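Source file protein22.txt; content: compact mmCIF, C-alpha atoms.
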```txt
# COMPACT_ATOMS: atom_id res chain seq x y z
CA MET W 1 -14.62 -20.08 4.40
CA SER W 2 -16.72 -20.60 7.53
CA ALA W 3 -18.34 -17.68 9.29
CA ALA W 4 -16.14 -18.32 12.33
CA ARG W 5 -12.98 -18.28 10.24
CA THR W 6 -14.06 -15.12 8.43
CA ALA W 7 -14.68 -13.40 11.76
CA ALA W 8 -11.33 -14.55 13.09
CA VAL W 9 -9.37 -12.91 10.32
CA GLY W 10 -11.48 -9.81 9.99
CA GLY W 11 -10.85 -7.48 12.93
CA SER W 12 -10.42 -3.80 12.20
CA VAL W 13 -7.07 -2.04 12.12
CA GLY W 14 -7.17 1.65 12.99
CA GLY W 15 -10.91 2.06 13.54
CA PRO W 16 -14.45 1.04 12.57
CA ASP W 17 -14.69 2.90 9.25
CA GLY W 18 -15.97 1.08 6.19
CA GLY W 19 -13.98 -0.43 3.35
CA PRO W 20 -14.66 2.26 0.70
CA LEU W 21 -13.45 4.98 3.07
CA LEU W 22 -10.39 2.98 4.10
CA PHE W 23 -9.57 2.41 0.44
CA ALA W 24 -9.89 6.11 -0.34
CA ARG W 25 -7.55 7.10 2.48
CA TYR W 26 -4.70 5.12 0.95
CA ALA W 27 -5.58 5.57 -2.71
CA TYR W 28 -5.82 9.35 -2.68
CA PRO W 29 -2.10 10.31 -2.34
CA PRO W 30 -0.93 8.65 -5.60
CA ASN W 31 -4.17 9.71 -7.28
CA GLU W 32 -3.41 13.33 -6.41
CA LEU W 33 -0.02 12.91 -8.12
CA GLY W 34 -1.61 11.43 -11.24
CA TYR W 35 -0.09 7.97 -10.83
CA CYS W 36 -3.25 5.90 -10.71
CA GLY W 37 -7.02 6.06 -10.52
CA PRO W 38 -9.60 8.29 -12.17
CA ASP W 39 -8.98 11.96 -12.87
CA ALA W 40 -11.05 13.17 -9.94
CA SER W 41 -8.64 13.39 -7.03
CA ARG W 42 -10.22 16.47 -5.46
CA GLU W 43 -13.59 14.75 -5.38
CA LEU W 44 -11.98 11.70 -3.78
CA LEU W 45 -10.37 13.84 -1.07
CA GLU W 46 -13.57 15.73 -0.35
CA ARG W 47 -15.64 12.55 -0.12
CA ALA W 48 -13.08 10.82 2.13
CA SER W 49 -12.79 13.86 4.36
CA ALA W 50 -16.55 14.19 4.72
CA ALA W 51 -16.92 10.50 5.53
CA THR W 52 -14.16 10.72 8.14
CA ALA W 53 -15.63 13.85 9.76
CA GLY W 54 -19.14 12.45 9.80
CA GLY W 55 -18.28 8.91 10.80
CA VAL W 56 -19.96 7.62 7.63
CA PRO W 57 -19.01 3.93 7.19
CA ASP W 58 -19.75 3.76 3.47
CA ASP W 59 -20.32 6.03 0.51
CA GLY W 60 -21.58 5.15 -2.94
CA GLY W 61 -19.34 7.77 -4.55
CA LEU W 62 -16.22 6.37 -2.91
CA ARG W 63 -17.21 2.88 -3.99
CA LEU W 64 -17.65 3.99 -7.59
CA GLN W 65 -14.30 5.79 -7.66
CA ALA W 66 -12.47 2.81 -6.17
CA ARG W 67 -13.26 0.70 -9.22
CA GLY W 68 -11.23 3.12 -11.32
CA PHE W 69 -7.95 2.17 -9.62
CA GLU W 70 -6.63 -0.37 -12.09
CA GLY W 71 -3.52 -1.08 -10.03
CA ALA W 72 -5.22 -1.98 -6.75
CA TRP W 73 -8.65 -3.25 -7.78
CA PRO W 74 -7.55 -6.65 -9.19
CA TYR W 75 -5.76 -7.41 -5.91
CA LEU W 76 -8.92 -6.64 -3.95
CA GLU W 77 -10.91 -8.94 -6.22
CA LEU W 78 -8.28 -11.65 -5.81
CA ILE W 79 -8.28 -11.49 -2.00
CA ALA W 80 -12.08 -11.37 -1.81
CA HIS W 81 -12.50 -14.33 -4.18
CA ALA W 82 -10.01 -16.45 -2.22
CA HIS W 83 -12.20 -16.10 0.87
CA GLY W 84 -15.64 -16.28 -0.69
CA LEU W 85 -16.34 -12.62 0.00
CA ALA W 86 -18.65 -11.00 -2.52
CA ASP W 87 -17.45 -7.44 -1.95
CA PRO W 88 -13.88 -6.46 -2.92
CA LEU W 89 -14.39 -3.38 -0.72
CA ASP W 90 -15.16 -5.42 2.36
CA ARG W 91 -13.09 -3.66 5.02
CA ARG W 92 -11.14 -6.85 5.78
CA VAL W 93 -10.09 -7.11 2.13
CA VAL W 94 -9.06 -3.46 1.87
CA GLU W 95 -7.14 -3.73 5.11
CA ALA W 96 -5.34 -6.84 3.86
CA TYR W 97 -4.08 -5.10 0.74
CA TRP W 98 -2.95 -1.78 2.21
CA VAL W 99 -1.97 -2.73 5.76
CA GLY W 100 -1.98 -6.52 5.99
CA ASN W 101 -3.94 -9.20 7.83
CA ASP W 102 -4.42 -12.97 7.77
CA LEU W 103 -6.56 -12.88 4.63
CA LEU W 104 -3.28 -12.64 2.72
CA ARG W 105 -2.34 -16.15 3.82
CA GLY W 106 -5.41 -17.56 2.08
CA VAL W 107 -4.38 -16.44 -1.42
CA SER W 108 -2.51 -19.25 -3.16
CA ARG W 109 0.69 -18.73 -5.10
CA ALA W 110 -1.09 -20.10 -8.19
CA ALA W 111 -3.96 -17.61 -7.87
CA LEU W 112 -1.60 -14.67 -7.42
CA GLY W 113 0.49 -15.81 -10.37
CA ALA W 114 -2.54 -16.16 -12.63
CA CYS W 115 -3.79 -12.70 -11.64
CA LEU W 116 -0.44 -11.12 -12.42
CA GLU W 117 0.01 -13.04 -15.66
CA ASP W 118 -3.27 -11.71 -17.01
CA ARG W 119 -2.16 -8.19 -16.24
CA PHE W 120 1.56 -8.12 -17.00
CA ARG W 121 2.47 -10.80 -19.55
CA PRO W 122 1.21 -8.50 -22.34
CA ARG W 123 3.84 -5.92 -21.31
CA GLY W 124 6.64 -8.08 -22.71
CA ARG W 125 8.78 -11.08 -21.93
CA ALA W 126 11.34 -9.37 -19.68
CA ALA W 127 8.69 -7.68 -17.57
CA TRP W 128 6.63 -10.83 -17.17
CA GLU W 129 9.62 -13.05 -16.36
CA GLY W 130 10.66 -10.60 -13.64
CA VAL W 131 7.21 -10.50 -12.07
CA ALA W 132 6.77 -14.27 -12.39
CA GLY W 133 10.14 -14.80 -10.73
CA ALA W 134 8.99 -12.83 -7.71
CA VAL W 135 5.87 -14.99 -7.37
CA GLY W 136 7.66 -18.28 -7.97
CA GLY W 137 10.73 -17.60 -5.83
CA PRO W 138 11.66 -19.32 -2.58
CA GLY W 139 9.63 -16.94 -0.40
CA ARG W 140 5.87 -16.55 -0.17
CA ALA W 141 4.71 -13.55 -2.15
CA VAL W 142 1.28 -12.23 -1.17
CA PRO W 143 -1.05 -9.59 -2.67
CA HIS W 144 0.05 -6.82 -0.31
CA HIS W 145 0.68 -3.32 -1.60
CA SER W 146 4.36 -3.59 -0.69
CA PHE W 147 4.69 -6.56 -3.07
CA HIS W 148 3.20 -4.55 -5.91
CA VAL W 149 5.54 -1.62 -5.24
CA LEU W 150 8.76 -3.55 -4.63
CA ALA W 151 8.34 -6.58 -6.89
CA VAL W 152 6.18 -5.34 -9.78
CA TYR W 153 6.84 -1.62 -10.35
CA PRO W 154 10.52 -1.97 -11.32
CA TRP W 155 9.72 -4.61 -13.95
CA VAL W 156 6.81 -2.93 -15.70
CA GLY W 157 8.37 0.41 -16.52
CA LEU W 158 6.90 2.44 -13.69
CA LEU W 159 10.36 3.40 -12.43
CA ARG W 160 13.31 4.72 -14.43
CA SER W 161 16.64 2.95 -14.11
CA GLY W 162 19.85 4.91 -13.76
CA LEU W 163 18.41 7.39 -11.25
CA ARG W 164 19.13 5.48 -8.07
CA ASP W 165 18.33 8.12 -5.46
CA GLU W 166 15.09 9.09 -7.16
CA ALA W 167 14.06 5.47 -7.69
CA LEU W 168 14.72 4.68 -4.03
CA ARG W 169 12.68 7.71 -2.99
CA VAL W 170 9.77 6.58 -5.15
CA LEU W 171 9.86 3.04 -3.73
CA ASP W 172 9.96 4.43 -0.20
CA ARG W 173 7.18 6.97 -0.71
CA CYS W 174 4.92 4.63 -2.65
CA ARG W 175 4.93 1.84 -0.08
CA ILE W 176 2.75 2.31 3.00
CA ARG W 177 4.98 3.22 5.95
CA TRP W 178 4.28 3.64 9.65
CA GLY W 179 5.39 6.42 11.96
CA ARG W 180 5.02 7.76 15.49
CA VAL W 181 3.50 11.23 15.69
CA LEU W 182 5.76 13.76 17.40
CA GLU W 183 3.94 17.00 16.67
CA VAL W 184 0.79 18.24 14.94
CA SER W 185 0.40 21.81 13.74
CA GLY W 186 -1.59 23.46 10.98
CA GLY W 187 -2.09 21.00 8.17
CA HIS W 188 0.91 18.80 8.95
CA ALA W 189 2.21 16.22 11.40
CA VAL W 190 5.82 15.51 12.24
CA ILE W 191 6.43 11.77 12.52
CA ARG W 192 9.35 9.46 13.17
CA SER W 193 9.58 6.66 10.62
CA ARG W 194 12.14 4.32 9.07
CA PRO W 195 12.95 4.84 5.38
CA LEU W 196 14.07 2.22 2.90
CA VAL W 197 17.81 1.94 2.32
CA TRP W 198 19.76 0.13 -0.40
CA ASP W 199 23.18 -1.38 0.34
CA GLY W 200 23.94 -2.30 -3.24
CA HIS W 201 22.38 -5.75 -2.98
CA ARG W 202 19.40 -5.66 -0.62
CA LEU W 203 16.63 -3.33 0.44
CA GLY W 204 16.08 -2.82 4.13
CA GLU W 205 14.91 -0.40 6.79
CA GLY W 206 17.23 2.42 7.69
CA PRO W 207 17.63 4.24 11.01
CA PRO W 208 14.64 6.31 12.16
CA VAL W 209 14.24 9.74 10.60
CA VAL W 210 11.92 12.65 11.30
CA GLU W 211 9.66 13.70 8.44
CA ARG W 212 6.66 15.93 7.91
CA VAL W 213 3.43 14.62 6.37
CA VAL W 214 0.26 16.37 5.27
CA THR W 215 -2.84 15.99 7.41
CA ARG W 216 -5.13 18.60 5.83
CA VAL W 217 -5.34 20.79 2.74
CA ASP W 218 -7.99 23.50 2.51
CA GLY W 219 -9.68 21.91 5.50
CA TYR W 220 -9.86 18.43 3.93
CA GLY W 221 -8.01 15.44 5.38
CA LEU W 222 -7.77 11.67 5.17
CA ALA W 223 -6.85 10.41 8.63
CA PRO W 224 -8.82 10.91 11.82
CA ALA W 225 -7.38 13.62 14.08
CA LEU W 226 -3.83 12.80 15.17
CA ALA W 227 -2.07 13.74 18.40
CA PRO W 228 1.51 13.36 19.64
CA GLY W 229 2.10 9.77 20.66
CA ASP W 230 -0.28 8.31 18.06
CA TRP W 231 0.88 5.95 15.36
CA CYS W 232 -0.15 6.66 11.79
CA SER W 233 0.29 5.21 8.33
CA ALA W 234 1.63 7.36 5.49
CA HIS W 235 1.54 7.10 1.70
CA TRP W 236 3.56 9.52 -0.36
CA ASP W 237 3.30 12.86 1.49
CA TRP W 238 0.05 12.18 3.36
CA ALA W 239 -0.91 10.74 6.73
CA CYS W 240 -3.59 8.21 5.76
CA ASP W 241 -4.91 6.66 8.95
CA ARG W 242 -4.42 6.47 12.69
CA LEU W 243 -3.18 2.99 13.60
CA ASP W 244 -3.66 1.04 16.79
CA HIS W 245 -0.84 -1.22 17.98
CA ARG W 246 -2.25 -4.15 16.06
CA GLY W 247 -2.25 -2.10 12.87
CA VAL W 248 1.35 -1.03 13.37
CA ALA W 249 2.39 -4.63 14.02
CA ALA W 250 0.55 -5.87 10.93
CA LEU W 251 1.95 -3.24 8.59
CA ARG W 252 5.47 -3.70 9.93
CA SER W 253 5.28 -7.50 9.77
CA TRP W 254 3.85 -7.80 6.25
CA THR W 255 6.22 -5.16 4.87
CA ARG W 256 9.22 -6.95 6.35
CA HIS W 257 7.90 -10.24 5.05
CA GLN W 258 7.78 -8.87 1.52
CA LEU W 259 11.23 -7.30 1.85
CA ALA W 260 12.61 -10.70 2.82
CA VAL W 261 10.86 -12.37 -0.13
CA ILE W 262 12.24 -9.83 -2.58
CA ASP W 263 15.76 -9.74 -1.14
CA GLY W 264 15.87 -13.54 -1.35
CA LEU W 265 15.36 -13.61 -5.11
CA GLU W 266 18.14 -14.30 -7.58
CA ARG W 267 16.91 -11.31 -9.61
CA PRO W 268 15.31 -8.92 -7.11
CA ALA W 269 13.23 -6.30 -8.83
CA PRO W 270 14.69 -3.27 -7.01
CA ALA W 271 18.15 -4.08 -8.39
CA ARG W 272 16.77 -3.32 -11.85
CA VAL W 273 16.48 0.36 -10.98
CA LEU W 274 18.86 0.75 -8.04
CA ALA W 275 22.00 -1.17 -9.03
```
Using structure tokens, write down the structure that the file contains.
Amino acid sequence: MSAARTAAVGGSVGGPDGGPLLFARYAYPPNELGYCGPDASRELLERASAATAGGVPDDGGLRLQARGFEGAWPYLELIAHAHGLADPLDRRVVEAYWVGNDLLRGVSRAALGACLEDRFRPRGRAAWEGVAGAVGGPGRAVPHHSFHVLAVYPWVGLLRSGLRDEALRVLDRCRIRWGRVLEVSGGHAVIRSRPLVWDGHRLGEGPPVVERVVTRVDGYGLAPALAPGDWCSAHWDWACDRLDHRGVAALRSWTRHQLAVIDGLERPAPARVLA
């Protein structure tokens, strides 16, 4: 990729912070719950909080911890390789995976399929055929976090079938969502967001709801300071980052793109746990 092209696709969403810090902001919430990453969530939170407070663009400790996230790391490597970027924690790569940007368009269907095959074919025929179907379907799957949550999780045993409400809650909380800040007090923010809904056949966005997300615990936080009127991203119960309008548009667009891809499949993964 030419330097001009790399620059064109690489603007920041939500601020100038470095890739390792941006990764930590989104990776911490599931790590705290024990779903992925190394067993050092408190250290991750403290490092991310210190980097945010001090405006530190990079941190060797954050970089080392990021490699322990076996779910996300292969996607970062895939996106970076597709664009000739040596660092999987280049901010543009991290942003592409968690929020979305034009780097996603440069990852071929074949490359994504090969990456997923290496990881998920060993889990069994049914799981692999489900994941492969999502990649090879009529839509354009891309290595965005929403694809991993909505098209991979249900096939590889990370969600239990038969518990529809709980499964829908997990899908909704595990994806990255966007919300408008209404109020900030103590260690929480009240935001207005749109949850996932299931109509028996398709996933979609429901009417706006008001929810409360964590901004700080014991003085440690992930996102820069939020104020009413700001937009933020959220993952599980945490506010992860403050988004500018471009960031909101990117996250909304790429999430809706992946919803359309998944809903257009003959065997959409969410139906496995929601039907």
My list of candidates is W:Cys240, W:Leu182, W:Leu259, W:Leu203. Which is closest to Leu222 of chain W when distances are computed with only C-alpha atoms?
W:Cys240
Using all atoms listed in the file, pick whichever of W:Gly37, W:Gly204, W:Pro20, W:Gly130 has the shortest atom-to-atom distance to Pro154 of chain W.
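Between W:Gly37, W:Gly204, W:Pro20, W:Gly130, the residue approaching Pro154 of chain W most closely is W:Gly130.
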What does the structure give for the distance between atom CA of Ala66 of chain W and atom CA of Ala27 of chain W, in Å to one decimal?
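Computing it gives 8.2 Å between the two atoms.
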When you draw a straight line from atom CA of Asp118 of chain W to atom CA of Leu274 of chain W, how long is it in Å?
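About the pair atom CA of Asp118 of chain W and atom CA of Leu274 of chain W: they are 26.9 Å apart.
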Long-range neighbours of segment 184-186 of chain W as a VMD selection string, 9 Å cut-off, all atoms listed in the file, 3 positions minimum in chain:
chain W and resid 181 189 to 191 215 to 216 226 to 228
List every protein, DNA or RNA residue that has an atom no more than 9 Å from (-4.8, -11.0, -2.9) in the file's coordinate frame, counting only C-alpha atoms, and report them as a ChimeraX atom specification.
/W:74-82,93,96-97,103-108,111-112,115,142-144
Give me, please, the distance in Å between atom CA of Arg202 of chain W and atom CA of Trp178 of chain W, quoted to one decimal.
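Separation between atom CA of Arg202 of chain W and atom CA of Trp178 of chain W: 20.5 Å.
Near Val214 of chain W, within 7 Å and counting all atoms listed in the file, sit Gly187, His188, Ala189, Asp237, Trp238 and Ala239 of chain W; same-chain residues fewer than 3 positions away were not included.
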Restrict the selected residues to C-alpha atoms and save them as a short mmCIF file (atom, residue, chain, number, x, y, z; two decimals), in the frame of the given file.
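See out.cif below for the written result:
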```cif
data_model
loop_
_atom_site.label_atom_id
_atom_site.label_comp_id
_atom_site.auth_asym_id
_atom_site.auth_seq_id
_atom_site.Cartn_x
_atom_site.Cartn_y
_atom_site.Cartn_z
CA GLY W 187 -2.09 21.00 8.17
CA HIS W 188 0.91 18.80 8.95
CA ALA W 189 2.21 16.22 11.40
CA ASP W 237 3.30 12.86 1.49
CA TRP W 238 0.05 12.18 3.36
CA ALA W 239 -0.91 10.74 6.73
#
```
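Distance cut-off 9 Å, centre (15.1, 10.1, 15.4), atoms counted only C-alpha atoms; the residues meeting this are W:Arg192, W:Ser193, W:Pro207, W:Pro208, W:Val209, W:Val210.
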Store the residues of this selection in a file with C-alpha atoms, as a PDB file, keeping the file's coordinate frame.
```pdb
ATOM      1  CA  ARG W 192       9.350   9.460  13.170  1.00  0.00           C
ATOM      2  CA  SER W 193       9.580   6.660  10.620  1.00  0.00           C
ATOM      3  CA  PRO W 207      17.630   4.240  11.010  1.00  0.00           C
ATOM      4  CA  PRO W 208      14.640   6.310  12.160  1.00  0.00           C
ATOM      5  CA  VAL W 209      14.240   9.740  10.600  1.00  0.00           C
ATOM      6  CA  VAL W 210      11.920  12.650  11.300  1.00  0.00           C
TER       7      VAL W 210
END
```
Taking all atoms listed in the file into account, which of W:Ala141, W:Leu45, W:Cys232, W:Val213 comes nearest Gly247 of chain W?
W:Cys232
Could you give me, as a ChimeraX atom specification, the residues within 10 Å of Tyr220 of chain W, counting all atoms listed in the file and dropping anything in the same chain fewer than 5 positions from it?
/W:42,45-50,52-53,187,215
For those residues, write C-alpha atoms to a file as an mmCIF file, keeping the file's coordinate frame.
```cif
data_model
loop_
_atom_site.group_PDB
_atom_site.id
_atom_site.type_symbol
_atom_site.label_atom_id
_atom_site.label_comp_id
_atom_site.auth_asym_id
_atom_site.auth_seq_id
_atom_site.Cartn_x
_atom_site.Cartn_y
_atom_site.Cartn_z
ATOM 1 C CA ARG W 42 -10.220 16.470 -5.460
ATOM 2 C CA LEU W 45 -10.370 13.840 -1.070
ATOM 3 C CA GLU W 46 -13.570 15.730 -0.350
ATOM 4 C CA ARG W 47 -15.640 12.550 -0.120
ATOM 5 C CA ALA W 48 -13.080 10.820 2.130
ATOM 6 C CA SER W 49 -12.790 13.860 4.360
ATOM 7 C CA ALA W 50 -16.550 14.190 4.720
ATOM 8 C CA THR W 52 -14.160 10.720 8.140
ATOM 9 C CA ALA W 53 -15.630 13.850 9.760
ATOM 10 C CA GLY W 187 -2.090 21.000 8.170
ATOM 11 C CA THR W 215 -2.840 15.990 7.410
#
```
Non-local contacts of Arg173 of chain W (9 Å; all atoms listed in the file; under 6 positions in same chain excluded) as a list in words:
Pro195, Ala234, His235, Trp236 and Asp237 of chain W
I want to know what sits within 9 Å of Leu265 of chain W, based on all atoms listed in the file, with residues of the same chain fewer than 2 positions away left out; could you give that as an NGL selection string?
:W and (133-134 or 137-139 or 260-263 or 267-269)
Could you add the missing atoms to segment 118-136 of chain W, up to N, CA, C and O atoms, and return them as a tab-separated table (two decimals), in the coordinates of the input?
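Saved as rebuild_11.tsv:
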```
chain	number	residue	atom	x	y	z
W	118	ASP	N	-2.25	-12.37	-16.19
W	118	ASP	CA	-3.27	-11.71	-17.01
W	118	ASP	C	-2.96	-10.23	-17.21
W	118	ASP	O	-3.21	-9.66	-18.28
W	119	ARG	N	-2.38	-9.63	-16.20
W	119	ARG	CA	-2.16	-8.19	-16.24
W	119	ARG	C	-0.83	-7.80	-16.89
W	119	ARG	O	-0.76	-6.78	-17.58
W	120	PHE	N	0.23	-8.60	-16.66
W	120	PHE	CA	1.56	-8.12	-17.00
W	120	PHE	C	2.29	-8.91	-18.08
W	120	PHE	O	3.28	-8.42	-18.61
W	121	ARG	N	1.82	-10.11	-18.44
W	121	ARG	CA	2.47	-10.80	-19.55
W	121	ARG	C	2.40	-9.98	-20.84
W	121	ARG	O	3.37	-9.95	-21.61
W	122	PRO	N	1.27	-9.30	-21.11
W	122	PRO	CA	1.21	-8.50	-22.34
W	122	PRO	C	2.24	-7.37	-22.41
W	122	PRO	O	2.46	-6.80	-23.48
W	123	ARG	N	2.87	-7.02	-21.30
W	123	ARG	CA	3.84	-5.92	-21.31
W	123	ARG	C	5.20	-6.34	-21.86
W	123	ARG	O	6.10	-5.51	-22.01
W	124	GLY	N	5.38	-7.63	-22.13
W	124	GLY	CA	6.64	-8.08	-22.71
W	124	GLY	C	7.29	-9.18	-21.89
W	124	GLY	O	7.00	-9.35	-20.71
W	125	ARG	N	8.17	-9.90	-22.55
W	125	ARG	CA	8.78	-11.08	-21.93
W	125	ARG	C	9.61	-10.73	-20.70
W	125	ARG	O	9.49	-11.39	-19.67
W	126	ALA	N	10.47	-9.70	-20.81
W	126	ALA	CA	11.34	-9.37	-19.68
W	126	ALA	C	10.54	-8.96	-18.45
W	126	ALA	O	10.83	-9.39	-17.33
W	127	ALA	N	9.52	-8.13	-18.69
W	127	ALA	CA	8.69	-7.68	-17.57
W	127	ALA	C	7.98	-8.86	-16.91
W	127	ALA	O	7.99	-9.01	-15.68
W	128	TRP	N	7.37	-9.72	-17.74
W	128	TRP	CA	6.63	-10.83	-17.17
W	128	TRP	C	7.55	-11.81	-16.45
W	128	TRP	O	7.22	-12.30	-15.37
W	129	GLU	N	8.70	-12.11	-17.02
W	129	GLU	CA	9.62	-13.05	-16.36
W	129	GLU	C	10.08	-12.50	-15.01
W	129	GLU	O	10.25	-13.26	-14.05
W	130	GLY	N	10.28	-11.19	-14.92
W	130	GLY	CA	10.66	-10.60	-13.64
W	130	GLY	C	9.56	-10.73	-12.60
W	130	GLY	O	9.80	-11.12	-11.46
W	131	VAL	N	8.34	-10.40	-13.00
W	131	VAL	CA	7.21	-10.50	-12.07
W	131	VAL	C	6.97	-11.95	-11.69
W	131	VAL	O	6.77	-12.28	-10.51
W	132	ALA	N	6.99	-12.85	-12.67
W	132	ALA	CA	6.77	-14.27	-12.39
W	132	ALA	C	7.83	-14.82	-11.46
W	132	ALA	O	7.55	-15.66	-10.59
W	133	GLY	N	9.08	-14.35	-11.61
W	133	GLY	CA	10.14	-14.80	-10.73
W	133	GLY	C	9.89	-14.42	-9.29
W	133	GLY	O	10.22	-15.18	-8.36
W	134	ALA	N	9.29	-13.26	-9.08
W	134	ALA	CA	8.99	-12.83	-7.71
W	134	ALA	C	7.92	-13.71	-7.07
W	134	ALA	O	7.97	-14.01	-5.88
W	135	VAL	N	6.94	-14.12	-7.89
W	135	VAL	CA	5.87	-14.99	-7.37
W	135	VAL	C	6.38	-16.41	-7.13
W	135	VAL	O	6.03	-17.05	-6.13
W	136	GLY	N	7.22	-16.89	-8.04
W	136	GLY	CA	7.66	-18.28	-7.97
W	136	GLY	C	8.95	-18.50	-7.20
W	136	GLY	O	9.47	-19.62	-7.19
```
